[in-house]
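Here is input_27.cif, consisting of mmCIF, C-alpha atoms:
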data_my_file
#
loop_
_atom_site.group_PDB
_atom_site.id
_atom_site.type_symbol
_atom_site.label_atom_id
_atom_site.label_comp_id
_atom_site.auth_asym_id
_atom_site.auth_seq_id
_atom_site.Cartn_x
_atom_site.Cartn_y
_atom_site.Cartn_z
ATOM 1 C CA MET A 36 24.855 27.418 49.938
ATOM 2 C CA ARG A 37 26.775 30.500 51.208
ATOM 3 C CA ARG A 38 30.577 30.384 51.194
ATOM 4 C CA ARG A 39 32.417 31.216 54.380
ATOM 5 C CA HIS A 40 35.290 33.710 54.312
ATOM 6 C CA PRO A 41 38.393 32.548 56.231
ATOM 7 C CA LEU A 42 38.890 34.319 59.597
ATOM 8 C CA ALA A 43 42.489 35.455 58.956
ATOM 9 C CA PHE A 44 44.512 38.429 57.707
ATOM 10 C CA THR A 45 45.354 38.614 54.117
ATOM 11 C CA LEU A 46 48.972 39.062 53.030
ATOM 12 C CA VAL A 47 48.366 42.712 52.211
ATOM 13 C CA GLU A 48 46.870 43.358 55.648
ATOM 14 C CA MET A 49 49.823 41.637 57.302
ATOM 15 C CA LEU A 50 52.326 43.729 55.373
ATOM 16 C CA ILE A 51 50.497 46.943 56.261
ATOM 17 C CA SER A 52 50.385 45.945 59.948
ATOM 18 C CA ILE A 53 54.093 45.104 59.978
ATOM 19 C CA ALA A 54 54.922 48.423 58.321
ATOM 20 C CA ILE A 55 52.861 50.374 60.860
ATOM 21 C CA PHE A 56 54.334 48.432 63.795
ATOM 22 C CA SER A 57 57.882 48.938 62.509
ATOM 23 C CA THR A 58 57.361 52.666 62.028
ATOM 24 C CA VAL A 59 55.948 53.087 65.540
ATOM 25 C CA SER A 60 58.741 50.955 67.046
ATOM 26 C CA ILE A 61 61.446 52.916 65.266
ATOM 27 C CA ALA A 62 59.871 56.188 66.391
ATOM 28 C CA LEU A 63 59.687 54.982 70.006
ATOM 29 C CA LEU A 64 63.283 53.745 69.931
ATOM 30 C CA ALA A 65 64.473 57.038 68.448
ATOM 31 C CA PHE A 66 62.536 58.993 71.065
ATOM 32 C CA GLY A 67 63.919 56.828 73.872
ATOM 33 C CA SER A 68 67.470 57.129 72.612
ATOM 34 C CA THR A 69 67.223 60.910 72.231
ATOM 35 C CA SER A 70 65.594 61.268 75.656
ATOM 36 C CA SER A 71 68.253 59.114 77.303
ATOM 37 C CA ARG A 72 71.029 61.109 75.665
ATOM 38 C CA LEU A 73 69.482 64.426 76.674
ATOM 39 C CA ILE A 74 69.041 63.214 80.251
ATOM 40 C CA ALA A 75 72.624 61.941 80.351
ATOM 41 C CA ARG A 76 73.880 65.210 78.918
ATOM 42 C CA ASN A 77 71.894 67.183 81.486
ATOM 43 C CA LEU A 78 73.249 65.082 84.344
ATOM 44 C CA ALA A 79 76.787 65.314 82.969
ATOM 45 C CA THR A 80 76.640 69.079 82.613
ATOM 46 C CA ASN A 81 75.057 69.550 86.028
ATOM 47 C CA HIS A 82 77.680 67.321 87.621
ATOM 48 C CA SER A 83 80.502 69.211 85.928
ATOM 49 C CA HIS A 84 79.055 72.617 86.802
ATOM 50 C CA GLU A 85 78.440 71.646 90.421
ATOM 51 C CA THR A 86 81.990 70.374 90.826
ATOM 52 C CA VAL A 87 83.370 73.599 89.405
ATOM 53 C CA ARG A 88 80.950 75.749 91.399
ATOM 54 C CA VAL A 89 82.151 74.371 94.722
ATOM 55 C CA SER A 90 85.815 75.040 93.942
ATOM 56 C CA ASP A 91 85.093 78.462 92.445
ATOM 57 C CA LEU A 92 83.148 79.499 95.527
ATOM 58 C CA ALA A 93 86.123 78.575 97.726
ATOM 59 C CA LEU A 94 88.476 80.517 95.455
ATOM 60 C CA VAL A 95 86.329 83.658 95.274
ATOM 61 C CA ARG A 96 85.537 83.549 99.012
ATOM 62 C CA ASP A 97 89.220 83.493 99.971
ATOM 63 C CA LEU A 98 90.097 86.231 97.495
ATOM 64 C CA HIS A 99 87.314 88.453 98.847
ATOM 65 C CA ASN A 100 88.623 87.898 102.378
ATOM 66 C CA SER A 101 92.162 88.927 101.473
ATOM 67 C CA ALA A 102 93.700 91.082 104.193
ATOM 68 C CA CYS A 103 96.197 92.719 101.870
ATOM 69 C CA ALA A 104 96.889 93.549 98.262
ATOM 70 C CA PHE A 105 97.356 90.714 95.763
ATOM 71 C CA ARG A 106 100.743 89.661 94.421
ATOM 72 C CA LEU A 107 101.101 87.656 91.214
ATOM 73 C CA VAL A 108 103.245 84.522 91.273
ATOM 74 C CA ASP A 109 104.787 82.382 88.548
ATOM 75 C CA PHE A 110 105.525 78.707 89.091
ATOM 76 C CA ASP A 111 107.549 76.645 86.611
ATOM 77 C CA GLY A 112 107.162 73.289 88.322
ATOM 78 C CA THR A 113 110.193 73.850 90.544
ATOM 79 C CA ASN A 114 110.398 77.466 91.692
ATOM 80 C CA PHE A 115 107.872 80.060 92.830
ATOM 81 C CA THR A 116 108.825 83.601 91.806
ATOM 82 C CA ASP A 117 107.029 86.921 92.098
ATOM 83 C CA SER A 118 105.762 88.251 88.786
ATOM 84 C CA THR A 119 106.028 91.966 88.026
ATOM 85 C CA PRO A 120 102.764 92.892 86.302
ATOM 86 C CA THR A 121 102.711 95.404 83.449
ATOM 87 C CA PRO A 122 99.557 96.860 81.888
ATOM 88 C CA THR A 123 98.298 95.581 78.544
ATOM 89 C CA THR A 124 95.597 96.751 76.132
ATOM 90 C CA ASP A 125 93.196 94.116 77.490
ATOM 91 C CA GLN A 126 90.369 96.180 78.993
ATOM 92 C CA ASP A 127 88.112 94.712 81.647
ATOM 93 C CA ALA A 128 84.489 95.137 80.589
ATOM 94 C CA LEU A 129 83.223 95.399 84.153
ATOM 95 C CA THR A 130 85.600 97.987 85.608
ATOM 96 C CA GLN A 131 86.968 99.580 82.422
ATOM 97 C CA LEU A 132 90.446 99.079 83.872
ATOM 98 C CA TYR A 133 93.307 97.413 82.015
ATOM 99 C CA ALA A 134 94.486 93.914 82.802
ATOM 100 C CA SER A 135 98.142 93.239 83.427
ATOM 101 C CA THR A 136 100.277 90.512 81.981
ATOM 102 C CA ARG A 137 99.061 87.208 83.344
ATOM 103 C CA ALA A 138 100.498 84.784 85.874
ATOM 104 C CA ASN A 139 99.621 81.271 86.961
ATOM 105 C CA GLY A 140 99.463 82.133 90.661
ATOM 106 C CA VAL A 141 98.394 84.765 93.179
ATOM 107 C CA ARG A 142 99.422 85.148 96.823
ATOM 108 C CA PHE A 143 97.895 87.145 99.649
ATOM 109 C CA ARG A 144 97.190 86.999 103.389
ATOM 110 C CA LEU A 145 94.200 85.606 105.229
ATOM 111 C CA LEU A 146 93.296 85.977 108.879
ATOM 112 C CA ALA A 147 94.822 82.944 110.614
ATOM 113 C CA GLY A 148 94.029 83.696 114.233
ATOM 114 C CA GLY A 149 92.787 86.290 116.662
ATOM 115 C CA PRO A 150 92.016 88.460 118.301
ATOM 116 C CA TYR A 151 94.405 87.142 120.967
ATOM 117 C CA LYS A 152 95.158 89.194 124.055
ATOM 118 C CA PHE A 153 98.541 90.089 125.510
ATOM 119 C CA SER A 154 99.211 87.845 128.501
ATOM 120 C CA SER A 155 101.992 89.996 129.950
ATOM 121 C CA ASP A 156 103.095 93.634 129.949
ATOM 122 C CA ALA A 157 105.296 94.879 127.132
ATOM 123 C CA LYS A 158 107.664 97.841 127.023
ATOM 124 C CA ALA A 159 108.081 100.038 123.994
ATOM 125 C CA THR A 160 111.508 98.496 123.310
ATOM 126 C CA ASP A 161 110.382 94.870 123.645
ATOM 127 C CA THR A 162 110.688 92.625 120.604
ATOM 128 C CA ASN A 163 109.367 89.479 122.302
ATOM 129 C CA LEU A 164 105.606 89.582 122.854
ATOM 130 C CA GLN A 165 103.533 87.133 124.834
ATOM 131 C CA PHE A 166 99.946 86.185 123.997
ATOM 132 C CA ASP A 167 97.253 83.833 125.222
ATOM 133 C CA PHE A 168 96.403 81.684 122.202
ATOM 134 C CA GLY A 169 93.812 79.572 124.006
ATOM 135 C CA ALA A 170 90.189 79.522 122.854
ATOM 136 C CA GLY A 171 87.604 77.242 124.431
ATOM 137 C CA GLY A 172 90.238 74.937 125.859
ATOM 138 C CA LYS A 173 91.924 74.559 122.455
ATOM 139 C CA VAL A 174 94.677 76.293 120.478
ATOM 140 C CA PRO A 175 93.185 76.822 117.007
ATOM 141 C CA TYR A 176 96.166 78.813 115.763
ATOM 142 C CA VAL A 177 99.897 78.291 116.317
ATOM 143 C CA PRO A 178 102.122 81.169 115.111
ATOM 144 C CA GLN A 179 105.003 80.513 112.757
ATOM 145 C CA VAL A 180 107.883 82.465 111.261
ATOM 146 C CA GLY A 181 106.580 84.486 108.308
ATOM 147 C CA ASP A 182 103.172 85.217 109.778
ATOM 148 C CA LYS A 183 102.206 88.840 110.308
ATOM 149 C CA LEU A 184 101.027 90.356 113.580
ATOM 150 C CA ALA A 185 98.732 93.407 113.436
ATOM 151 C CA MET A 186 97.710 95.528 116.440
ATOM 152 C CA PRO A 187 94.605 97.686 115.888
ATOM 153 C CA LEU A 188 95.220 99.700 119.080
ATOM 154 C CA ILE A 189 98.438 101.274 117.817
ATOM 155 C CA ALA A 190 97.769 100.739 114.073
ATOM 156 C CA ARG A 191 101.027 98.863 113.577
ATOM 157 C CA GLU A 192 101.987 95.518 112.135
ATOM 158 C CA PHE A 193 105.075 93.350 112.392
ATOM 159 C CA ASP A 194 106.470 90.251 110.748
ATOM 160 C CA ILE A 195 107.104 87.332 113.060
ATOM 161 C CA THR A 196 110.785 86.432 112.806
ATOM 162 C CA ALA A 197 110.885 83.767 115.531
ATOM 163 C CA VAL A 198 108.593 81.744 117.754
ATOM 164 C CA VAL A 199 110.283 81.689 121.158
ATOM 165 C CA LYS A 200 107.587 79.524 122.726
ATOM 166 C CA ALA A 201 104.876 77.795 120.740
ATOM 167 C CA PRO A 202 101.485 77.505 122.461
ATOM 168 C CA SER A 203 99.874 74.135 123.109
ATOM 169 C CA THR A 204 96.615 72.869 124.559
ATOM 170 C CA GLY A 205 98.221 72.320 127.950
ATOM 171 C CA SER A 206 100.090 75.637 127.821
ATOM 172 C CA PRO A 207 98.244 78.136 125.588
ATOM 173 C CA THR A 208 100.615 81.034 126.279
ATOM 174 C CA GLY A 209 103.072 81.640 123.450
ATOM 175 C CA THR A 210 105.869 84.111 122.762
ATOM 176 C CA VAL A 211 106.824 85.515 119.351
ATOM 177 C CA THR A 212 109.617 87.810 118.167
ATOM 178 C CA ILE A 213 108.672 90.757 115.954
ATOM 179 C CA SER A 214 110.717 92.089 113.070
ATOM 180 C CA ASP A 215 111.223 95.675 114.272
ATOM 181 C CA SER A 216 114.558 95.757 116.123
ATOM 182 C CA THR A 217 113.577 98.974 117.897
ATOM 183 C CA GLY A 218 110.718 97.205 119.587
ATOM 184 C CA LEU A 219 106.972 97.517 119.811
ATOM 185 C CA GLY A 220 107.064 101.305 120.081
ATOM 186 C CA PHE A 221 104.217 101.374 122.589
ATOM 187 C CA THR A 222 103.840 100.334 126.221
ATOM 188 C CA ILE A 223 101.250 97.640 126.828
ATOM 189 C CA ASP A 224 99.709 97.195 130.273
ATOM 190 C CA ALA A 225 98.115 93.760 130.266
ATOM 191 C CA THR A 226 98.151 93.017 133.993
ATOM 192 C CA THR A 227 96.009 95.835 135.386
ATOM 193 C CA ALA A 228 92.458 94.626 135.884
ATOM 194 C CA GLY A 229 90.208 95.663 133.014
ATOM 195 C CA ASN A 230 93.042 96.226 130.519
ATOM 196 C CA VAL A 231 92.804 94.117 127.376
ATOM 197 C CA THR A 232 94.989 94.641 124.325
ATOM 198 C CA THR A 233 94.721 92.281 121.380
ATOM 199 C CA ALA A 234 96.458 91.427 118.135
ATOM 200 C CA TYR A 235 95.478 89.604 114.952
ATOM 201 C CA PHE A 236 97.668 87.144 113.088
ATOM 202 C CA TYR A 237 97.736 86.772 109.294
ATOM 203 C CA ARG A 238 99.216 83.937 107.252
ATOM 204 C CA GLU A 239 100.236 83.979 103.632
ATOM 205 C CA VAL A 240 98.290 81.692 101.296
ATOM 206 C CA ALA A 241 98.233 81.261 97.524
ATOM 207 C CA TYR A 242 96.321 79.839 94.592
ATOM 208 C CA THR A 243 98.268 78.480 91.648
ATOM 209 C CA VAL A 244 97.437 76.724 88.392
ATOM 210 C CA TYR A 245 99.926 74.175 87.138
ATOM 211 C CA ASN A 246 99.758 70.905 85.233
ATOM 212 C CA GLY A 247 96.047 71.465 84.645
ATOM 213 C CA GLN A 248 95.273 71.749 88.369
ATOM 214 C CA LEU A 249 93.866 74.553 90.497
ATOM 215 C CA ARG A 250 95.886 74.325 93.716
ATOM 216 C CA PHE A 251 95.392 75.967 97.103
ATOM 217 C CA HIS A 252 98.479 76.567 99.258
ATOM 218 C CA ALA A 253 97.145 76.980 102.800
ATOM 219 C CA ASN A 254 100.609 77.857 104.093
ATOM 220 C CA TYR A 255 102.564 79.697 101.425
ATOM 221 C CA THR A 256 105.652 80.246 103.583
ATOM 222 C CA GLY A 257 109.186 78.909 103.141
ATOM 223 C CA PRO A 258 109.348 75.169 102.461
ATOM 224 C CA ASN A 259 105.591 74.865 102.989
ATOM 225 C CA LYS A 260 104.976 76.404 99.558
ATOM 226 C CA SER A 261 105.263 73.012 97.899
ATOM 227 C CA SER A 262 102.347 71.654 99.944
ATOM 228 C CA TYR A 263 98.949 72.172 98.369
ATOM 229 C CA THR A 264 95.427 70.864 97.985
ATOM 230 C CA VAL A 265 94.032 70.235 94.492
ATOM 231 C CA LEU A 266 90.637 71.934 94.276
ATOM 232 C CA ARG A 267 89.955 70.684 90.758
ATOM 233 C CA ASP A 268 91.803 69.468 87.710
ATOM 234 C CA LYS A 269 91.465 69.698 83.937
ATOM 235 C CA ILE A 270 92.149 73.448 83.951
ATOM 236 C CA THR A 271 92.687 74.766 80.430
ATOM 237 C CA SER A 272 93.745 78.305 81.440
ATOM 238 C CA PRO A 273 97.531 78.207 81.986
ATOM 239 C CA LYS A 274 97.726 81.757 83.399
ATOM 240 C CA PRO A 275 94.345 82.836 84.775
ATOM 241 C CA PHE A 276 95.370 85.663 87.152
ATOM 242 C CA ALA A 277 95.992 89.354 86.362
ATOM 243 C CA LEU A 278 95.966 92.655 88.243
ATOM 244 C CA LEU A 279 94.049 95.690 87.020
ATOM 245 C CA PHE A 280 95.616 99.028 86.117
ATOM 246 C CA ALA A 281 93.994 102.406 85.657
ATOM 247 C CA SER A 282 94.361 103.769 82.117
ATOM 248 C CA GLY A 283 97.828 105.202 81.635
ATOM 249 C CA SER A 284 98.939 104.193 85.121
ATOM 250 C CA ALA A 285 102.305 102.553 85.558
ATOM 251 C CA VAL A 286 101.513 101.154 89.009
ATOM 252 C CA SER A 287 98.712 98.888 90.194
ATOM 253 C CA ASP A 288 97.502 99.114 93.781
ATOM 254 C CA GLY A 289 97.063 95.344 93.732
ATOM 255 C CA LEU A 290 93.549 95.581 95.139
ATOM 256 C CA ALA A 291 91.673 94.284 92.101
ATOM 257 C CA LEU A 292 92.360 90.851 90.683
ATOM 258 C CA ARG A 293 90.949 89.605 87.391
ATOM 259 C CA ILE A 294 90.382 85.884 86.974
ATOM 260 C CA SER A 295 89.866 84.068 83.683
ATOM 261 C CA LEU A 296 89.633 80.427 84.614
ATOM 262 C CA GLU A 297 88.354 77.709 82.307
ATOM 263 C CA SER A 298 88.044 73.991 82.924
ATOM 264 C CA TYR A 299 86.419 70.983 81.350
ATOM 265 C CA ASP A 300 85.372 67.494 82.345
ATOM 266 C CA SER A 301 87.093 65.101 79.958
ATOM 267 C CA SER A 302 84.960 62.085 80.841
ATOM 268 C CA TYR A 303 81.875 63.926 79.605
ATOM 269 C CA THR A 304 83.454 65.979 76.851
ATOM 270 C CA ALA A 305 84.713 62.745 75.297
ATOM 271 C CA ARG A 306 81.068 61.757 74.906
ATOM 272 C CA LYS A 307 80.412 64.971 72.970
ATOM 273 C CA PHE A 308 78.740 66.675 75.922
ATOM 274 C CA MET A 309 80.404 70.007 75.237
ATOM 275 C CA GLY A 310 78.372 71.717 77.973
ATOM 276 C CA ALA A 311 80.872 70.250 80.484
ATOM 277 C CA THR A 312 83.235 73.146 79.753
ATOM 278 C CA VAL A 313 82.971 75.911 82.362
ATOM 279 C CA THR A 314 84.523 79.399 82.449
ATOM 280 C CA LEU A 315 84.887 81.712 85.445
ATOM 281 C CA GLN A 316 85.334 85.376 84.545
ATOM 282 C CA ALA A 317 85.494 87.620 87.612
ATOM 283 C CA THR A 318 87.025 90.782 89.003
ATOM 284 C CA VAL A 319 87.636 90.372 92.721
ATOM 285 C CA PRO A 320 88.522 93.201 95.091
ATOM 286 C CA PRO A 321 89.383 92.389 98.711
ATOM 287 C CA ARG A 322 86.381 92.707 100.997
ATOM 288 C CA THR A 323 88.475 94.644 103.535
ATOM 289 C CA VAL A 324 89.607 98.010 102.146
ATOM 290 C CA PRO A 325 91.764 99.572 103.444
ATOM 291 C CA SER A 326 93.478 96.314 104.272
ATOM 292 C CA PRO A 327 94.386 95.549 107.896
ATOM 293 C CA ALA A 328 97.752 94.141 106.846
ATOM 294 C CA SER A 329 100.269 95.324 104.286
ATOM 295 C CA SER A 330 101.078 93.460 101.120
ATOM 296 C CA THR A 331 102.783 90.136 101.452
ATOM 297 C CA ASN A 332 106.550 90.096 101.794
ATOM 298 C CA ALA A 333 108.649 89.216 98.775
ATOM 299 C CA SER A 334 109.773 85.642 99.207
#
Reformat the file's structure so that it appears as structure tokens.
Amino acid sequence: MRRRHPLAFTLVEMLISIAIFSTVSIALLAFGSTSSRLIARNLATNHSHETVRVSDLALVRDLHNSACAFRLVDFDGTNFTDSTPTPTTDQDALTQLYASTRANGVRFRLLAGGPYKFSSDAKATDTNLQFDFGAGGKVPYVPQVGDKLAMPLIAREFDITAVVKAPSTGSPTGTVTISDSTGLGFTIDATTAGNVTTAYFYREVAYTVYNGQLRFHANYTGPNKSSYTVLRDKITSPKPFALLFASGSAVSDGLALRISLESYDSSYTARKFMGATVTLQATVPPRTVPSPASSTNAS
């Protein structure tokens, strides 16, 4: 009689199977964990970079569109003061110029409105000028004290010292007072058919870094300086702005600004995703050279 062998695994076979299954399981778990971490790190870094990219594009765009030279500003949490830049030995690799001492802010002028045409004649001695600020049934720009008025026709510019009549949607004609007490210096004929004379209006704006925030001051004039929009936070560069000097020069033309701006995303960095740290290194000249408006007024 033949003996039957039992249809079952032996103990040795079971142990070998368990060992193989455990090894494969551990390998799959390790692979899954590593893959998940790499995916999370990728998403974290991309999110951080995209957030920074949007704010940096806004910053660089406005700086390129500056209508005047740049002025450095220091802010201590209470007061804004102009910073007098002096050259250092820090050489910019791109331009070979020398960076100045640094500041935590920069101010300049952007085009706020225009061209707007004169709505009435003006004599050479007039200091009150009248414009039609209407555009498509709206008034996109309302002048304010501290804005700058530039007239391409006579290549002159003036500070606005008063707004005699502010324009509105129902009454788009406005009147401003210019800073030159001797008047416009040129006769404007705005009533003869076919005559059109225009002016552009520039407003002072600023970017500052304080308390770990990159701030945009859309109206850097008088009491409005304290109003700002936070473009992004977690800035690690306390003084990111500097002007560039030619070698051996004691004066900067203020037309080239160097930015060294670094930020990080703490929610991702805390998880050891160090790629969430981003640095912006740039040298930004104004797009308009020579500038249509002079440097901003000291204020």
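Of the residues under consideration (A:Gly209, A:Pro258, A:Pro178, A:Gly247), A:Pro258 shows the shortest atom-to-atom contact distance to Asn114 of chain A when counting all atoms listed in the file.
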Would you compute the distance between atom CA of Asp111 of chain A and atom CA of Ser272 of chain A? Give it in Å to one decimal. 14.8 Å
With distances taken over only C-alpha atoms, which of A:Ala185, A:Val108, A:Leu64, A:Ala190 is nearest to Gly140 of chain A?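 The answer is A:Val108, which sits nearest to Gly140 of chain A.
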So, with all atoms listed in the file as the atoms that count, which of A:Gln179, A:Gln165, A:Thr119, A:Ala147 lies closest to Ser135 of chain A? A:Thr119
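Of the listed residues (A:Leu50, A:Leu296, A:Leu266, A:Leu290), A:Leu266 comes nearest to Ser90 of chain A; the distances count only C-alpha atoms.
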Name the residues that the PyMOL selection byres ((chain A and resi 177) around 10) picks from the file above, as JSON, numbers by chain, using the file's chain letters and numbers. {"A": [147, 148, 168, 169, 174, 175, 176, 178, 179, 198, 201, 202, 203, 207, 209, 236]}
Decode the PyMOL selection byres ((chain A and resi 182) around 7) for the given file into explicit residues and return them as a PyMOL selection string. chain A and resi 178-181+183-184+194-195+236-239
Using the chain letters and numbers from the file, give me the residues hit by the PyMOL selection byres ((chain A and resi 231) around 12), as a PDB file with C-alpha atoms, in the coordinates of the input.
ATOM      1  CA  PRO A 150      92.016  88.460 118.301  1.00  0.00           C
ATOM      2  CA  TYR A 151      94.405  87.142 120.967  1.00  0.00           C
ATOM      3  CA  LYS A 152      95.158  89.194 124.055  1.00  0.00           C
ATOM      4  CA  PHE A 153      98.541  90.089 125.510  1.00  0.00           C
ATOM      5  CA  SER A 154      99.211  87.845 128.501  1.00  0.00           C
ATOM      6  CA  SER A 155     101.992  89.996 129.950  1.00  0.00           C
ATOM      7  CA  ASP A 156     103.095  93.634 129.949  1.00  0.00           C
ATOM      8  CA  PHE A 166      99.946  86.185 123.997  1.00  0.00           C
ATOM      9  CA  ASP A 167      97.253  83.833 125.222  1.00  0.00           C
ATOM     10  CA  LEU A 188      95.220  99.700 119.080  1.00  0.00           C
ATOM     11  CA  ILE A 223     101.250  97.640 126.828  1.00  0.00           C
ATOM     12  CA  ASP A 224      99.709  97.195 130.273  1.00  0.00           C
ATOM     13  CA  ALA A 225      98.115  93.760 130.266  1.00  0.00           C
ATOM     14  CA  THR A 226      98.151  93.017 133.993  1.00  0.00           C
ATOM     15  CA  THR A 227      96.009  95.835 135.386  1.00  0.00           C
ATOM     16  CA  ALA A 228      92.458  94.626 135.884  1.00  0.00           C
ATOM     17  CA  GLY A 229      90.208  95.663 133.014  1.00  0.00           C
ATOM     18  CA  ASN A 230      93.042  96.226 130.519  1.00  0.00           C
ATOM     19  CA  THR A 232      94.989  94.641 124.325  1.00  0.00           C
ATOM     20  CA  THR A 233      94.721  92.281 121.380  1.00  0.00           C
ATOM     21  CA  ALA A 234      96.458  91.427 118.135  1.00  0.00           C
TER      22      ALA A 234
END
